[in-house]
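K.L.:
Structure below; questions to follow.
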Amino acid sequence: MNNVVRYRMSVFVLIVVTFIYLFPAFSEATDSNPYLDIGIFAFEENDFASAISHLKRAMLKQPENPVAYHYLAKTYQKMKRYKEARQYYIQACNIDPDLDNLLYDRGFFYYLTQKYQLALNDFVKTVKQTPENLLAQYYAGICAFQTEQYKIAHQYFLACAKQNSNIKENAEYYAAVCYLYTGKPAQARTLFHKIVIHSQSGSLKKDAKKWLDIIKSKPFIFRPYHLFASITMTYDDNIKLTPAGENVSDTDDLVTRTFVGGNYNFVQSPIFMMGIGYAHSQSNHVDFPDYNMVASKGRFVIEYNKKNTKQSLYIKPEHLWLNDKDYLSFQGIEYDIKWQKNKYLKLLANFEYGFYKNFDNNEYDGSGINFDFGLERTFSNNKNMSFFSVLSGVNRDTNGLDKKFHLGQIGCGLRYQNKQIKWSFGGNYSVKNYLHQDSTFLKRRSDNHTKLYTQVLLTRYSIQPYFVIEHQVNASNINQFDYRKTAISFSLQYLY
Amino acid sequence: MSFKKSLYLLLSLYLLFGLANAKMPDGLTIKNKFVPGFGLSIGKVFMIDGTAIVVHDNQKIGYQVFKGMLLYQKDTLYTKQPGRALLNMQDGSQLTIGSQSQLTLNKISLIPQKKMRKSFISMKRGKARFNVRKMSRFNRTDYKVKTQTALIGVRGSDFFVNADHKRTSVTTFDNTKLSVVGIAKPHLPPTYLNDFQRVHVESGDQPSDIEHVSPDEIQRIKSEYEYSSKPITKEQTENEKSSETETETDDNAETDESTKTTTDSQSNEETAEEVSPASQEEQPAMDETETKSEEAPLSESPSQETVLIPSQEIVAPETMDQAQAPDMDHMSDNSSQSIMQKQESNASDQTQDIYEQLHEKEVMLPSFPETP
């Protein structure tokens, strides 16, 4: 190698070595951002004006550094300037969504601005990344609680309650309330008892005691299942619907009905409920045993409550036996919606569609549609009193042409309810038009039906007496279908 | 004794005891029983010599520092005269704080899973030696020390800071690399220091030219800020005072009458410790219980430690309607009331539904047998 080449090589090596030596300094010069560091210190020392000034300069110096945006967001958040804070959180997340503590801080920002679902999403992610972050768990629980996701909320509260921390009692309290709202009163009771005995906080103790009183006085509210039983004696003066004017004796009868039923909610929360129910009833006629009926009715129900609206969907299989023989089978689906428009007004709608199978006379087989629209208006000067009104329609499509009919009905009444008594008085008027000529009377039948009733239920007792009087009048264009009847019933019912 | 000599003696005594306390916040109450700070601990007091006070997050309550005391984010240490403390931090770094110093642990965060360390320490006044552990396998380590005039960026370093409100001096020891920026002039490039160098930063100015520090001076500083078996002597105290470049007139801390302190030093847990002399090149010997390895965290494991949450971050049930027990006797717009009423209504609706199944809708059933 000649000297020139050697010389050039040496110069080259020298340049390379110098560059390597200086490189850390260069890299440090590009990495360092004193404005950012001073801004962070200023934020930690609560000097927000200085923090903003330095962080903005840091942002200008390193526009792709998410830390500056993160701290600007935090600073504005501390100053309660949430609009600016939001912008900087967005920018920080756009650059580096995994930046240390960014998710938690943004979650807390959403919490402060009451965007609880967004906050919950962030806290849940934070807990997944850093399970030891106690506050993230706690606020995840709080946000789930605020959005009425009580099952999720109680998991986080229970996790917090296991930690050795001063929020343990507070977390236990919320977990207990979540248990109540998800239909687990026994677990709630245990936690509330614990708080009453051990808590250092007077207000937590007081609230826990209040909840225990409610659980004790109204246990059925929280139970996921209910049982119902009743026995009814009815005197009916025209059991066979004998037309008025016909000189027929012995049209009255005494009927005893027994009834048991229950339901179980396997999903229960203030927002959503899913459950099954079953009812079995049996009627025994003294004078007309041919009319003894056994009914078996099941139901599957889904209920959804949101804000002031309650929507329910029912699937109802039913079977009836008349005098120990198959009589009627019904499969139906029903949709019900109730809307509490305001404190005083509730609106209702109900739609039902079903199939009928009559084992006695297959001319009655077919399908039917029912719908109801109603309202209930509470009086402003007396909140125990309300007026109700219902408009109903029925369409029955049967195999037998002369059995098909349309029915329109209007009903209204008054209801009085307090802690001890429920009383209602009402009536309805319906017009029933058959679509085809009656095969016997060779006329299209049309009935006008009127019913008046009054009902009293005494609720102060555990076994509740129930008293009903009904009077019905049916006026038809075919005299044989005219009738009047009055029925008086007395029941004892028990709800568990 | 001549009048002049008496005067000098009185002045010395005044300076000695008058400067006894670093300037504490007004209205500070010193309590004997230690209450932990908020969150998980970030370090521990390894040694305490003399008197020091720790205040959590700008509270108005201070606690006498004792050996083994846990430290928390935003803790401020005030050392008195005499008063020295050796702190072990969770990342393995050590801080030795001299007398009449004030130091705040603004933000200390160590995330081994993300290979990240963030430490922001501000030192308002006094002297401290920082032995910062180098985390070479970590992707990102931000270790910053801020005084009133300078910002020091650290990688893995052993250095000494002497600060007051007008001037900061930074002296580096061996295996050290750090950057220094003047707080008032952050736009200027930083000054980089390597081993055995010193720089001064005056208030409002950028760092001075780099000075080389003699081995003797390095040795002297190191020996002053190593723990030894001897208690602090008057000579050492005077050496500290004389090595200060300026005495602050503001720091003529007349004892603040509004500051209540306990004078009984026996109420402290172990203040002065007798330890075996340590080699000046080595770190002070640690108890076996302190650390098993340099990787082990110094604070108790999170599951054992009681974690305190600030009360303003705890959501009281009174702030959430649905969390409060409702008054079922009186109608209200209370959310839990409406939830309870809803549940009660659901329960009674369900029973009503069950009951209504008993009463067949007559329009739905055909007539009974033998009726027209």
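For the structure tokens, the naming scheme is as follows: chains receive sequential letters (A, B, ...) according to their order of presentation, residues are indexed from 1 within each chain, and ligands are indexed from 1 in presentation order.
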Which neighbours of region 75-92 of chain B fall inside 6 Å, counting only C-alpha atoms, when residues of the same chain fewer than 4 positions from it are skipped, and could you give them as a ChimeraX atom specification?
P.N.:
/B:20-22,42-57,96-105,133,297-298
K.L.:
May I have the residues from that selection written out with C-alpha atoms, as a PDB file, in the first residue's frame?
P.N.:
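Saved to out.pdb:
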```pdb
ATOM      1  CA  ALA B  20     -30.286  25.149  62.722  1.00  0.00           C
ATOM      2  CA  ASN B  21     -33.340  24.667  60.607  1.00  0.00           C
ATOM      3  CA  ALA B  22     -33.708  24.632  56.875  1.00  0.00           C
ATOM      4  CA  ILE B  42     -40.742   4.645  45.922  1.00  0.00           C
ATOM      5  CA  GLY B  43     -37.828   4.372  48.282  1.00  0.00           C
ATOM      6  CA  LYS B  44     -36.647   4.209  51.829  1.00  0.00           C
ATOM      7  CA  VAL B  45     -34.507   6.115  54.276  1.00  0.00           C
ATOM      8  CA  PHE B  46     -31.454   3.973  54.740  1.00  0.00           C
ATOM      9  CA  MET B  47     -29.638   6.186  57.219  1.00  0.00           C
ATOM     10  CA  ILE B  48     -30.404   9.349  59.129  1.00  0.00           C
ATOM     11  CA  ASP B  49     -27.861  11.389  61.018  1.00  0.00           C
ATOM     12  CA  GLY B  50     -29.197  14.354  62.901  1.00  0.00           C
ATOM     13  CA  THR B  51     -32.699  15.636  62.255  1.00  0.00           C
ATOM     14  CA  ALA B  52     -34.803  15.747  59.148  1.00  0.00           C
ATOM     15  CA  ILE B  53     -38.480  16.208  58.416  1.00  0.00           C
ATOM     16  CA  VAL B  54     -40.505  14.724  55.605  1.00  0.00           C
ATOM     17  CA  VAL B  55     -43.702  16.300  54.292  1.00  0.00           C
ATOM     18  CA  HIS B  56     -46.074  14.419  51.976  1.00  0.00           C
ATOM     19  CA  ASP B  57     -47.336  16.275  48.902  1.00  0.00           C
ATOM     20  CA  THR B  96     -27.141  11.441  50.227  1.00  0.00           C
ATOM     21  CA  ILE B  97     -28.592  14.703  51.396  1.00  0.00           C
ATOM     22  CA  GLY B  98     -26.546  17.139  53.430  1.00  0.00           C
ATOM     23  CA  SER B  99     -27.629  19.457  56.228  1.00  0.00           C
ATOM     24  CA  GLN B 100     -29.965  22.358  55.640  1.00  0.00           C
ATOM     25  CA  SER B 101     -31.223  20.969  52.410  1.00  0.00           C
ATOM     26  CA  GLN B 102     -34.638  20.722  50.815  1.00  0.00           C
ATOM     27  CA  LEU B 103     -35.338  18.078  48.216  1.00  0.00           C
ATOM     28  CA  THR B 104     -38.606  16.925  46.619  1.00  0.00           C
ATOM     29  CA  LEU B 105     -39.221  13.553  44.946  1.00  0.00           C
ATOM     30  CA  ARG B 133     -27.819   3.529  38.969  1.00  0.00           C
ATOM     31  CA  PRO B 297     -37.307  -3.419  44.927  1.00  0.00           C
ATOM     32  CA  LEU B 298     -36.616  -1.682  48.161  1.00  0.00           C
TER      33      LEU B 298
END
```
K.L.:
Could you pull the residues within 12 Å of Pro63 (chain A), counting only C-alpha atoms, minus those fewer than 5 positions along the same chain, as a VMD selection string?
P.N.:
chain A and resid 33 36 55 to 58 68 to 69 91 to 92 95
K.L.:
Kindly assemble as CSV a list of the chain A residues that lie within 7 Å of chain B, each paired with its nearest atom pair and their distance in Å to one decimal, using only C-alpha atoms, sorted first by chain and then by ascending residue number.
P.N.:
```
residue,atom,partner,partner_atom,distance
A:Pro34,CA,B:Pro186,CA,5.7
A:Tyr35,CA,B:Pro186,CA,6.4
A:Glu44,CA,B:Asn106,CA,6.1
A:Gln163,CA,B:Ser303,CA,6.9
A:Asn164,CA,B:Thr306,CA,4.9
A:Ser165,CA,B:Val307,CA,4.7
A:Asn166,CA,B:Leu308,CA,5.6
A:Ile167,CA,B:Ile314,CA,6.9
A:Tyr174,CA,B:Ala323,CA,6.9
A:Val177,CA,B:Ala323,CA,6.6
A:Asp207,CA,B:Ala325,CA,5.9
A:Lys210,CA,B:Ala325,CA,5.9
A:Trp211,CA,B:Ala325,CA,5.4
A:Ile221,CA,B:Glu344,CA,5.0
A:Phe228,CA,B:Thr351,CA,6.8
A:Lys240,CA,B:Thr371,CA,5.8
A:Leu241,CA,B:Thr371,CA,6.6
A:Gly261,CA,B:Ile354,CA,6.3
A:Pro270,CA,B:Ile339,CA,6.2
A:Ala279,CA,B:Ile354,CA,6.5
A:Ser281,CA,B:Leu358,CA,6.6
A:Gln480,CA,B:Pro372,CA,6.8
A:Phe481,CA,B:Pro372,CA,6.6
```
K.L.:
Skipping near chain neighbours, those fewer than 4 positions away, what residues fall within 9 Å of Ser50 (chain A) using only C-alpha atoms, listed as a ChimeraX atom specification?
P.N.:
/A:38-39,42-43,54-55
K.L.:
Residues within 10 Å of Asn418 (chain A), please, as a VMD selection string. Count only C-alpha atoms; anything in the same chain fewer than 2 positions from it doesn't count.
P.N.:
chain A and resid 383 to 385 416 420 to 423 458 to 460
K.L.:
Let me see the file: selected residues, N, CA and C atoms, as an mmCIF file, in the first residue's frame.
P.N.:
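Output file selection-v2.cif is given in full below:
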```cif
data_model
loop_
_atom_site.group_PDB
_atom_site.id
_atom_site.type_symbol
_atom_site.label_atom_id
_atom_site.label_comp_id
_atom_site.auth_asym_id
_atom_site.auth_seq_id
_atom_site.Cartn_x
_atom_site.Cartn_y
_atom_site.Cartn_z
ATOM 1 N N LYS A 383 -101.457 11.500 44.605
ATOM 2 C CA LYS A 383 -100.596 10.578 43.853
ATOM 3 C C LYS A 383 -101.019 9.120 44.013
ATOM 4 N N ASN A 384 -101.919 8.863 44.939
ATOM 5 C CA ASN A 384 -102.373 7.478 45.116
ATOM 6 C C ASN A 384 -103.480 7.117 44.141
ATOM 7 N N MET A 385 -104.036 8.112 43.495
ATOM 8 C CA MET A 385 -105.191 7.890 42.636
ATOM 9 C C MET A 385 -104.775 8.032 41.177
ATOM 10 N N TYR A 416 -107.092 3.258 42.994
ATOM 11 C CA TYR A 416 -106.527 3.892 44.192
ATOM 12 C C TYR A 416 -105.577 2.900 44.836
ATOM 13 N N GLN A 420 -101.550 -0.041 51.941
ATOM 14 C CA GLN A 420 -102.402 -1.050 52.576
ATOM 15 C C GLN A 420 -103.476 -1.598 51.655
ATOM 16 N N ILE A 421 -103.823 -0.860 50.646
ATOM 17 C CA ILE A 421 -104.988 -1.271 49.862
ATOM 18 C C ILE A 421 -104.791 -0.903 48.392
ATOM 19 N N LYS A 422 -105.330 -1.782 47.540
ATOM 20 C CA LYS A 422 -105.380 -1.443 46.112
ATOM 21 C C LYS A 422 -106.830 -1.597 45.700
ATOM 22 N N TRP A 423 -107.414 -0.545 45.187
ATOM 23 C CA TRP A 423 -108.812 -0.605 44.802
ATOM 24 C C TRP A 423 -108.924 -0.101 43.383
ATOM 25 N N LEU A 458 -106.265 -6.155 49.751
ATOM 26 C CA LEU A 458 -105.659 -5.630 50.986
ATOM 27 C C LEU A 458 -104.219 -6.122 51.055
ATOM 28 N N THR A 459 -103.290 -5.185 50.925
ATOM 29 C CA THR A 459 -101.892 -5.591 50.794
ATOM 30 C C THR A 459 -101.141 -5.574 52.117
ATOM 31 N N ARG A 460 -101.783 -5.104 53.174
ATOM 32 C CA ARG A 460 -101.015 -4.979 54.414
ATOM 33 C C ARG A 460 -100.721 -6.333 55.053
#
```
K.L.:
Pick out the residues sitting within 10 Å of region 333-346 of chain A, and hand them over as a PyMOL selection string; count only C-alpha atoms, and ignore anything fewer than 4 positions along from it in its own chain.
P.N.:
(chain A and resi 299-317+350-355+369-380+383+386-388) or (chain B and resi 333)
K.L.:
Would you pick out the contacts of Val35 (chain B) at 10 Å or less, using only C-alpha atoms, so that residues sharing its chain but fewer than 2 positions from it are not included, and give the list as a ChimeraX atom specification?
P.N.:
/B:31-33,37-38,56,61-63,70,308
K.L.:
Take the residues just selected and output them with C-alpha atoms as a PDB file, in the first residue's frame.
P.N.:
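The file below, result.pdb, is the result:
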```
ATOM      1  CA  LYS B  31     -46.080  14.733  64.295  1.00  0.00           C
ATOM      2  CA  ASN B  32     -44.314  11.825  65.875  1.00  0.00           C
ATOM      3  CA  LYS B  33     -46.461   9.048  64.542  1.00  0.00           C
ATOM      4  CA  GLY B  37     -47.978   9.004  51.909  1.00  0.00           C
ATOM      5  CA  PHE B  38     -50.261   8.212  48.992  1.00  0.00           C
ATOM      6  CA  HIS B  56     -46.074  14.419  51.976  1.00  0.00           C
ATOM      7  CA  ILE B  61     -47.938  17.965  58.509  1.00  0.00           C
ATOM      8  CA  GLY B  62     -44.339  16.865  58.820  1.00  0.00           C
ATOM      9  CA  TYR B  63     -42.843  13.685  60.232  1.00  0.00           C
ATOM     10  CA  LEU B  70     -40.775   4.676  53.434  1.00  0.00           C
ATOM     11  CA  LEU B 308     -53.282   5.144  50.860  1.00  0.00           C
TER      12      LEU B 308
END
```
K.L.:
If we count only C-alpha atoms and set the cut-off at 8 Å, which residues sit around Tyr82 (chain A), ignoring sequence neighbours fewer than 5 positions away in its own chain? Please answer as a PyMOL selection string.
P.N.:
chain A and resi 76-77+113
K.L.:
Just asking: which residues within region 8-243 of chain A are strand (DSSP E) according to DSSP, as an MDAnalysis selection string?
P.N.:
chainID A and resid 225:236
K.L.:
Can I get the selected residues back with N, CA and C atoms, as a PDB file, in the first residue's frame?
P.N.:
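Printed below is out-v2.pdb as written:
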```pdb
ATOM      1  N   TYR A 225     -86.435 -14.850  42.344  1.00  0.00           N
ATOM      2  CA  TYR A 225     -87.576 -15.718  42.060  1.00  0.00           C
ATOM      3  C   TYR A 225     -88.764 -15.269  42.908  1.00  0.00           C
ATOM      4  N   HIS A 226     -89.942 -15.595  42.429  1.00  0.00           N
ATOM      5  CA  HIS A 226     -91.171 -15.283  43.177  1.00  0.00           C
ATOM      6  C   HIS A 226     -92.121 -16.454  43.081  1.00  0.00           C
ATOM      7  N   LEU A 227     -92.853 -16.663  44.141  1.00  0.00           N
ATOM      8  CA  LEU A 227     -93.868 -17.736  44.172  1.00  0.00           C
ATOM      9  C   LEU A 227     -95.202 -17.113  44.516  1.00  0.00           C
ATOM     10  N   PHE A 228     -96.231 -17.687  43.952  1.00  0.00           N
ATOM     11  CA  PHE A 228     -97.554 -17.107  44.145  1.00  0.00           C
ATOM     12  C   PHE A 228     -98.562 -18.238  44.303  1.00  0.00           C
ATOM     13  N   ALA A 229     -99.437 -18.068  45.254  1.00  0.00           N
ATOM     14  CA  ALA A 229    -100.479 -19.081  45.418  1.00  0.00           C
ATOM     15  C   ALA A 229    -101.776 -18.368  45.799  1.00  0.00           C
ATOM     16  N   SER A 230    -102.901 -18.885  45.302  1.00  0.00           N
ATOM     17  CA  SER A 230    -104.161 -18.274  45.712  1.00  0.00           C
ATOM     18  C   SER A 230    -105.280 -19.301  45.660  1.00  0.00           C
ATOM     19  N   ILE A 231    -106.298 -19.031  46.417  1.00  0.00           N
ATOM     20  CA  ILE A 231    -107.514 -19.833  46.364  1.00  0.00           C
ATOM     21  C   ILE A 231    -108.684 -18.855  46.269  1.00  0.00           C
ATOM     22  N   THR A 232    -109.574 -19.133  45.312  1.00  0.00           N
ATOM     23  CA  THR A 232    -110.668 -18.194  45.029  1.00  0.00           C
ATOM     24  C   THR A 232    -111.997 -18.934  45.052  1.00  0.00           C
ATOM     25  N   MET A 233    -112.947 -18.292  45.674  1.00  0.00           N
ATOM     26  CA  MET A 233    -114.325 -18.820  45.604  1.00  0.00           C
ATOM     27  C   MET A 233    -115.143 -17.799  44.835  1.00  0.00           C
ATOM     28  N   THR A 234    -115.842 -18.270  43.817  1.00  0.00           N
ATOM     29  CA  THR A 234    -116.628 -17.360  42.980  1.00  0.00           C
ATOM     30  C   THR A 234    -118.083 -17.836  42.934  1.00  0.00           C
ATOM     31  N   TYR A 235    -118.966 -16.893  43.161  1.00  0.00           N
ATOM     32  CA  TYR A 235    -120.386 -17.177  42.914  1.00  0.00           C
ATOM     33  C   TYR A 235    -120.734 -16.506  41.597  1.00  0.00           C
ATOM     34  N   ASP A 236    -121.195 -17.325  40.629  1.00  0.00           N
ATOM     35  CA  ASP A 236    -121.569 -16.805  39.311  1.00  0.00           C
ATOM     36  C   ASP A 236    -123.040 -17.130  39.104  1.00  0.00           C
TER      37      ASP A 236
END
```
K.L.:
Per DSSP on the backbone, what are the helix (DSSP H, G or I) residues of region 283-449 of chain A, as a PDB file with C-alpha atoms, in the first residue's frame?
P.N.:
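Printed below is part_9.pdb as written:
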```
ATOM      1  CA  PRO A 289    -118.538 -30.333  36.852  1.00  0.00           C
ATOM      2  CA  ASP A 290    -118.362 -30.517  33.062  1.00  0.00           C
ATOM      3  CA  TYR A 291    -116.872 -27.078  33.208  1.00  0.00           C
ATOM      4  CA  ASN A 362    -111.489 -27.982  15.268  1.00  0.00           C
ATOM      5  CA  GLU A 363    -113.551 -25.185  13.737  1.00  0.00           C
ATOM      6  CA  TYR A 364    -112.142 -23.027  16.466  1.00  0.00           C
ATOM      7  CA  LEU A 401    -115.801 -19.391   8.735  1.00  0.00           C
ATOM      8  CA  ASP A 402    -118.567 -18.422  11.110  1.00  0.00           C
ATOM      9  CA  LYS A 403    -116.149 -18.391  14.002  1.00  0.00           C
TER      10      LYS A 403
END
```
